[in-house]
Structures are given as structure tokens and as C-alpha cells.
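See below for the structure under consideration.
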Amino acid sequence: MSKEEMKIGRRFEGKVAIVTASTQGIGFSIAERLGLEGAAVVVSSRKQKNVDEAVEKLKNKGIQVLGVVCQISDAQQRKDLINKTVEKYGKIDVVVSNAAANPTVSLLLETPESVLDKVWEINVKASVLLLQEAAPYLQKGSSVVLISSIMGYRPQIAMAMYGITKTALLGLTKALAKEMAPDTRVNCVAPGLVPTNFAAFLTKDEVLKKTAEESTLLGKLGTPGDMAAAASFLASDDASYITGETLVVAGGAPSRL
């Protein structure tokens with residue numbers, strides 16, 4: 001265990017946490033953080049190989065973990081994710097909805113309808129449908145964390161539909177917080193640009209990377225661990241009087257709608 005990990009508390013002892021799209025990048029870091037803090041974590045992604053590798057890494061850190069293949073836009077696989085969690089652990093305390101897609105860098109007015117539908121389905125609709133499945137098993141004092149993006153506040157021209165769906169999550173957070181209160185809190189994290197596989201086409205371009213760094217007040221990109229720290233705070237009892245809010249974790253990059 002690293003020095004950083006040794007400083008982490010145990011806020012999730014006895015809790016069960018589902019994190020979608022959690023075998024790499026930000027999702028994996030969130031699952032790892034929750035697990036290091038004592039949660040039994042359920043990780044998922046589309047590919048069995050990725051699930052198996054993530055489970056192995058987490059088990060090697062002493063984390064109690066279940067891996068489930070789940071393409072978040074597949075209704076049966078969503079049901080399986082919830083059912084397998086409940087079969088093993090009997091309840092759900094935390095849901096982190098992290099799955100997202102950005103299959104295009106086309107201009108919005110040149111994007112085919114099928115692509116518009118796919119981005120909306122995965123980035124917005126799937127979160128609602130997953131929570132419909134999970135809601136009966138969420139405990140009193142449970143927490144939902146949606147993962148939006150700084151692009152929800154300022155959509156980029158080449159990723160406009162992605163940005164629009166991330167803006168929608170800000171509204172979804174408010175709506176769900178009202179609907180699920182008082183037993184379940186719903187909050188959102190809006191990460192800045194983080195060097196992960198998902199954002200590789202941006203962070204591997206030195207000019208784009210430098211521009212992104214300069215758009216922050218801190219002069220650097222964030223890390224998956226930064227996002228995990230924010231998500232775990234919002235999911236924990238330390239945030240027990242916070243609901244319906246979005247925490248922007250973007251180094252001071254502008255974030256007003």
C-alpha cells in the first residue's frame with residue numbers, strides 16, 4: 001500500500017458500491033478509492049477481459065470486489081448488474097454512473113441521427129434506466145453520483161453532442177435529487193480534462209494539451225485520483241447535507257452555464 005493509500009479513511013465500511021464503466025481511467029480510480037475505504041465494490045464494463053483485469057488489480061489491494069460485464073445501453077445487462085449485486089451483497093448503498101461515449105468529432109449539424117441517439121442513450125438515458133433498476137435496493141442514507149464533465153459548461157465545437165449530454169446530467173442531478181430525497185442523495189462530479197484512454201486524442205496532442213493546461217488556474221490537468229477523491233466525498237457521510245449539487249473538479253477552469 002502506498003503512502004497516499006495509507007492516508008485514506010474507511011468511510012465505506014459495510015457499504016456496497018456499484019461503479020459503471022469502471023475497469024479503466026476515472027471509473028477504475030473511483031472503484032479503487034471506494035474499495036480502499038472499505039466498500040464492497042462492483043465493477044463493470046463491456047469486455048470480460050477488462051472486467052477480469054480490474055477485479056484482479058483490486059483484489060491484489062485487499063478490496064472486496066465483484067466484476068460484471070455490462071454494456072450500459074443493454075437492458076438485460078443492466079438488470080444483470082443490479083441482480084448480481086443484490087444476490088451477492090443483499091443491498092446497494094452507492095451508485096456511481098460513469099459510463100459515457102463520444103463516437104464522433106463531427107460538427108453537430110453534420111452528425112448522423114444514429115450517432116446523436118447513441119450518445120444520448122449512453123450518456124443520459126442509461127443513467128435513468130440503471131437507477132430505475134437499482135432504486136428498490138438503495139438503502140436509507142444511500143448516495144448516487146453522476147459523472148458529468150467541464151464540457152457540460154462549455155461544449156467544444158468538435159464534441160458538441162457529448163458536451164450537451166453532460167449539460168443534461170447537471171439537470172438530471174437536480175431532478176433526481178428532488179425525486180429521491182430524503183433517503184437517497186444525488187450529486188454530480190464534473191471533471192476537467194484528465195489524461196485517460198477516453199481523452200487520449202486530446203491529451204496526446206501537445207498543442208491541445210498545453211491549451212487545456214493553460215485554461216486552468218492551476219496550470220495542469222487533473223488525475224483520475226482527483227476525480228475519485230471528489231466522488232468518494234460526495235458519496236460519503238461527510239457530504240450528508242449535500243444533494244442536488246455538481247462539484248467541478250477542473251483546476252479552476254471556467255464553469256458557468
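Chain labels run A, B, ... following the order of the C-alpha cells; each chain numbers its residues from 1, and ligands are numbered from 1 in the order shown.
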Per residue of stretch 28-107 of chain A within 9 Å of stretch 204-226 of chain A, note the shortest atom pair and the distance in Å to one decimal, counting only C-alpha atoms, and order the rows by chain and increasing residue number, as a Markdown table.
```
| residue | atom | partner | partner_atom | distance |
| --- | --- | --- | --- | --- |
| A:Phe28 | CA | A:Pro224 | CA | 8.3 |
| A:Ser29 | CA | A:Pro224 | CA | 5.8 |
| A:Ile30 | CA | A:Gly225 | CA | 7.5 |
| A:Arg33 | CA | A:Gly225 | CA | 8.1 |
```
Using only C-alpha atoms, tabulate the residues of stretch 74-119 of chain A lying at most 9 Å from any atom of stretch 15-19 of chain A, each with its closest atom pair and that distance in Å to one decimal, by chain and increasing residue number, as a tab-separated table.
```
residue	atom	partner	partner_atom	distance
A:Leu81	CA	A:Ile18	CA	8.6
A:Ile82	CA	A:Ile18	CA	8.5
A:Thr85	CA	A:Ile18	CA	8.0
A:Tyr89	CA	A:Val16	CA	7.1
A:Gly90	CA	A:Val16	CA	8.9
A:Lys91	CA	A:Val16	CA	6.9
A:Ile92	CA	A:Val16	CA	5.2
A:Asp93	CA	A:Val16	CA	5.2
A:Val94	CA	A:Ala17	CA	4.4
A:Val95	CA	A:Ile18	CA	4.8
A:Val96	CA	A:Val19	CA	4.7
A:Ser97	CA	A:Val19	CA	6.2
A:Asn98	CA	A:Val19	CA	6.9
A:Ala99	CA	A:Val19	CA	8.8
```
Take the residues that were just selected and, keeping C-alpha atoms, output them as a compact mmCIF listing (two decimals), in the first residue's frame.
```
# COMPACT_ATOMS: atom_id res chain seq x y z
CA LEU A 81 -25.61 -5.84 -12.97
CA ILE A 82 -28.18 -4.99 -10.31
CA THR A 85 -25.01 -7.22 -6.91
CA TYR A 89 -24.47 -8.43 -1.17
CA GLY A 90 -28.21 -8.03 -0.50
CA LYS A 91 -28.32 -4.25 -0.91
CA ILE A 92 -26.89 -1.19 -2.66
CA ASP A 93 -25.54 1.88 -0.86
CA VAL A 94 -23.73 3.79 -3.61
CA VAL A 95 -24.20 4.03 -7.38
CA VAL A 96 -21.64 5.94 -9.45
CA SER A 97 -22.82 6.36 -13.03
CA ASN A 98 -19.67 6.90 -15.05
CA ALA A 99 -20.39 5.32 -18.45
```
Run DSSP on the backbone and grab whatever in stretch 75-107 of chain A lands in strand (DSSP E); send it over as a PDB file with all heavy atoms, in the first residue's frame.
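Saved the output as states34.pdb:
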```
ATOM      1  N   ILE A  92     -27.741  -2.145  -1.952  1.00  0.00           N
ATOM      2  CA  ILE A  92     -26.886  -1.186  -2.662  1.00  0.00           C
ATOM      3  C   ILE A  92     -26.875   0.109  -1.849  1.00  0.00           C
ATOM      4  O   ILE A  92     -27.932   0.612  -1.457  1.00  0.00           O
ATOM      5  CB  ILE A  92     -27.405  -0.893  -4.088  1.00  0.00           C
ATOM      6  CG1 ILE A  92     -27.522  -2.189  -4.907  1.00  0.00           C
ATOM      7  CG2 ILE A  92     -26.491   0.096  -4.805  1.00  0.00           C
ATOM      8  CD1 ILE A  92     -28.285  -2.022  -6.207  1.00  0.00           C
ATOM      9  N   ASP A  93     -25.676   0.621  -1.601  1.00  0.00           N
ATOM     10  CA  ASP A  93     -25.544   1.885  -0.864  1.00  0.00           C
ATOM     11  C   ASP A  93     -25.097   3.048  -1.742  1.00  0.00           C
ATOM     12  O   ASP A  93     -25.429   4.199  -1.461  1.00  0.00           O
ATOM     13  CB  ASP A  93     -24.529   1.725   0.272  1.00  0.00           C
ATOM     14  CG  ASP A  93     -24.962   0.688   1.282  1.00  0.00           C
ATOM     15  OD1 ASP A  93     -25.910   0.954   2.030  1.00  0.00           O
ATOM     16  OD2 ASP A  93     -24.360  -0.405   1.302  1.00  0.00           O
ATOM     17  N   VAL A  94     -24.300   2.737  -2.755  1.00  0.00           N
ATOM     18  CA  VAL A  94     -23.729   3.793  -3.611  1.00  0.00           C
ATOM     19  C   VAL A  94     -23.818   3.353  -5.068  1.00  0.00           C
ATOM     20  O   VAL A  94     -23.489   2.200  -5.395  1.00  0.00           O
ATOM     21  CB  VAL A  94     -22.247   4.063  -3.253  1.00  0.00           C
ATOM     22  CG1 VAL A  94     -21.633   5.074  -4.225  1.00  0.00           C
ATOM     23  CG2 VAL A  94     -22.089   4.527  -1.817  1.00  0.00           C
ATOM     24  N   VAL A  95     -24.272   4.247  -5.921  1.00  0.00           N
ATOM     25  CA  VAL A  95     -24.200   4.030  -7.376  1.00  0.00           C
ATOM     26  C   VAL A  95     -23.455   5.207  -7.983  1.00  0.00           C
ATOM     27  O   VAL A  95     -23.847   6.366  -7.798  1.00  0.00           O
ATOM     28  CB  VAL A  95     -25.598   3.913  -8.028  1.00  0.00           C
ATOM     29  CG1 VAL A  95     -25.457   3.773  -9.546  1.00  0.00           C
ATOM     30  CG2 VAL A  95     -26.377   2.742  -7.463  1.00  0.00           C
ATOM     31  N   VAL A  96     -22.373   4.906  -8.699  1.00  0.00           N
ATOM     32  CA  VAL A  96     -21.643   5.937  -9.448  1.00  0.00           C
ATOM     33  C   VAL A  96     -21.844   5.638 -10.926  1.00  0.00           C
ATOM     34  O   VAL A  96     -21.418   4.605 -11.426  1.00  0.00           O
ATOM     35  CB  VAL A  96     -20.142   5.943  -9.101  1.00  0.00           C
ATOM     36  CG1 VAL A  96     -19.429   7.041  -9.901  1.00  0.00           C
ATOM     37  CG2 VAL A  96     -19.924   6.145  -7.610  1.00  0.00           C
ATOM     38  N   SER A  97     -22.525   6.545 -11.606  1.00  0.00           N
ATOM     39  CA  SER A  97     -22.823   6.356 -13.026  1.00  0.00           C
ATOM     40  C   SER A  97     -21.770   7.098 -13.851  1.00  0.00           C
ATOM     41  O   SER A  97     -21.807   8.320 -13.990  1.00  0.00           O
ATOM     42  CB  SER A  97     -24.224   6.878 -13.351  1.00  0.00           C
ATOM     43  OG  SER A  97     -24.550   6.602 -14.693  1.00  0.00           O
TER      44      SER A  97
END
```
- request: DSSP on the backbone, then: every residue of stretch 9-128 of chain A marked alpha helix (DSSP H), written as a ChimeraX atom specification.
  value: /A:25-36,48-59,75-89,113-120,126-128
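The residue that comes closest to A:Ala231, out of A:Gly244, A:Gly67, A:Pro191, A:Gly25 and on the basis of only C-alpha atoms, is A:Pro191.
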message: Under the rule that only C-alpha atoms are counted, which of A:Leu58, A:Ala160, A:Leu193, A:Val86 is the nearest residue to A:Ser106?
response: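 The answer is A:Ala160, which sits nearest to A:Ser106.
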Surrounding residues of A:Arg10 excluding itself and chain neighbours under 6 positions, 8 Å, only C-alpha atoms, as a short mmCIF file (atom, residue, chain, number, x, y, z; two decimals) with N, CA and C atoms, in the first residue's frame:
```cif
data_model
loop_
_atom_site.label_atom_id
_atom_site.label_comp_id
_atom_site.auth_asym_id
_atom_site.auth_seq_id
_atom_site.Cartn_x
_atom_site.Cartn_y
_atom_site.Cartn_z
N LEU A 36 -10.81 0.91 -1.18
CA LEU A 36 -9.78 1.16 -0.17
C LEU A 36 -10.39 1.74 1.10
N GLU A 37 -11.53 2.41 0.94
CA GLU A 37 -12.22 2.97 2.11
C GLU A 37 -13.20 1.97 2.72
N GLY A 38 -13.17 0.72 2.27
CA GLY A 38 -13.94 -0.32 2.95
C GLY A 38 -15.16 -0.85 2.23
#
```
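Among the candidates A:Thr111, A:Thr246, A:Thr104, A:Ser236, the residue lying nearest to A:Leu170 is A:Thr246 (atoms considered: only C-alpha atoms).
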Å distance separating atom CA of A:Asp80 from atom CA of A:Val68, one decimal place: 8.0 Å
message: Neighbouring residues of A:Pro155 were defined as those with any atom within 10 Å, considering only C-alpha atoms; residues of the same chain fewer than 4 positions away were excluded. Please report them as a PyMOL selection string.
response: chain A and resi 149-151+159-167
Write out, as a tab-separated table (two decimals), in the first residue's frame, the residues just selected, with N, CA, C and O atoms.
```
chain	number	residue	atom	x	y	z
A	149	SER	N	-18.98	16.52	-16.87
A	149	SER	CA	-17.72	16.98	-17.46
A	149	SER	C	-17.71	18.50	-17.48
A	149	SER	O	-18.76	19.14	-17.55
A	150	ILE	N	-16.52	19.07	-17.46
A	150	ILE	CA	-16.39	20.52	-17.66
A	150	ILE	C	-17.01	20.91	-19.00
A	150	ILE	O	-17.49	22.04	-19.16
A	151	MET	N	-17.04	19.97	-19.93
A	151	MET	CA	-17.64	20.27	-21.24
A	151	MET	C	-19.15	20.44	-21.16
A	151	MET	O	-19.77	20.93	-22.10
A	159	MET	N	-16.90	18.36	-30.10
A	159	MET	CA	-17.50	17.37	-29.20
A	159	MET	C	-18.82	17.90	-28.66
A	159	MET	O	-19.18	17.71	-27.51
A	160	ALA	N	-19.56	18.56	-29.53
A	160	ALA	CA	-20.74	19.31	-29.07
A	160	ALA	C	-21.81	18.40	-28.47
A	160	ALA	O	-22.34	18.69	-27.40
A	161	MET	N	-22.14	17.30	-29.14
A	161	MET	CA	-23.21	16.43	-28.61
A	161	MET	C	-22.80	15.83	-27.27
A	161	MET	O	-23.62	15.71	-26.36
A	162	TYR	N	-21.53	15.45	-27.16
A	162	TYR	CA	-21.02	14.95	-25.89
A	162	TYR	C	-21.22	16.01	-24.80
A	162	TYR	O	-21.74	15.71	-23.71
A	163	GLY	N	-20.84	17.26	-25.10
A	163	GLY	CA	-21.00	18.34	-24.14
A	163	GLY	C	-22.45	18.56	-23.75
A	163	GLY	O	-22.77	18.77	-22.57
A	164	ILE	N	-23.33	18.49	-24.73
A	164	ILE	CA	-24.77	18.69	-24.47
A	164	ILE	C	-25.29	17.62	-23.51
A	164	ILE	O	-26.06	17.91	-22.59
A	165	THR	N	-24.88	16.38	-23.72
A	165	THR	CA	-25.35	15.32	-22.82
A	165	THR	C	-24.80	15.53	-21.42
A	165	THR	O	-25.47	15.21	-20.43
A	166	LYS	N	-23.60	16.07	-21.31
A	166	LYS	CA	-23.02	16.33	-19.99
A	166	LYS	C	-23.71	17.50	-19.31
A	166	LYS	O	-23.81	17.55	-18.08
A	167	THR	N	-24.21	18.47	-20.11
A	167	THR	CA	-25.04	19.54	-19.55
A	167	THR	C	-26.34	18.94	-19.02
A	167	THR	O	-26.81	19.32	-17.93
```
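Of the listed residues A:Phe12, A:Leu66, A:Ala101, A:Val51, the one whose atoms come nearest to A:Asp238 is A:Phe12, with distances taken using only C-alpha atoms.
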message: I'd like the interatomic distance between atom CA of A:Lys79 and atom CA of A:Lys49, to a tenth of an Å.
response: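 So the two atoms, atom CA of A:Lys79 and atom CA of A:Lys49, lie 20.5 Å apart.
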task: Between A:Gln76, A:Ser142, A:Ser148, A:Thr196, single out the one closest to A:Met180, counting only C-alpha atoms.
output: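 The shortest atom-to-atom distance to A:Met180 comes from A:Ser142.
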field: Residue among A:Ser143, A:Ser232, A:Asn83, A:Gln64 lying closest to A:Ile8, counting only C-alpha atoms
entry: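 Comparing A:Ser143, A:Ser232, A:Asn83, A:Gln64 against A:Ile8, the winner is A:Ser232.
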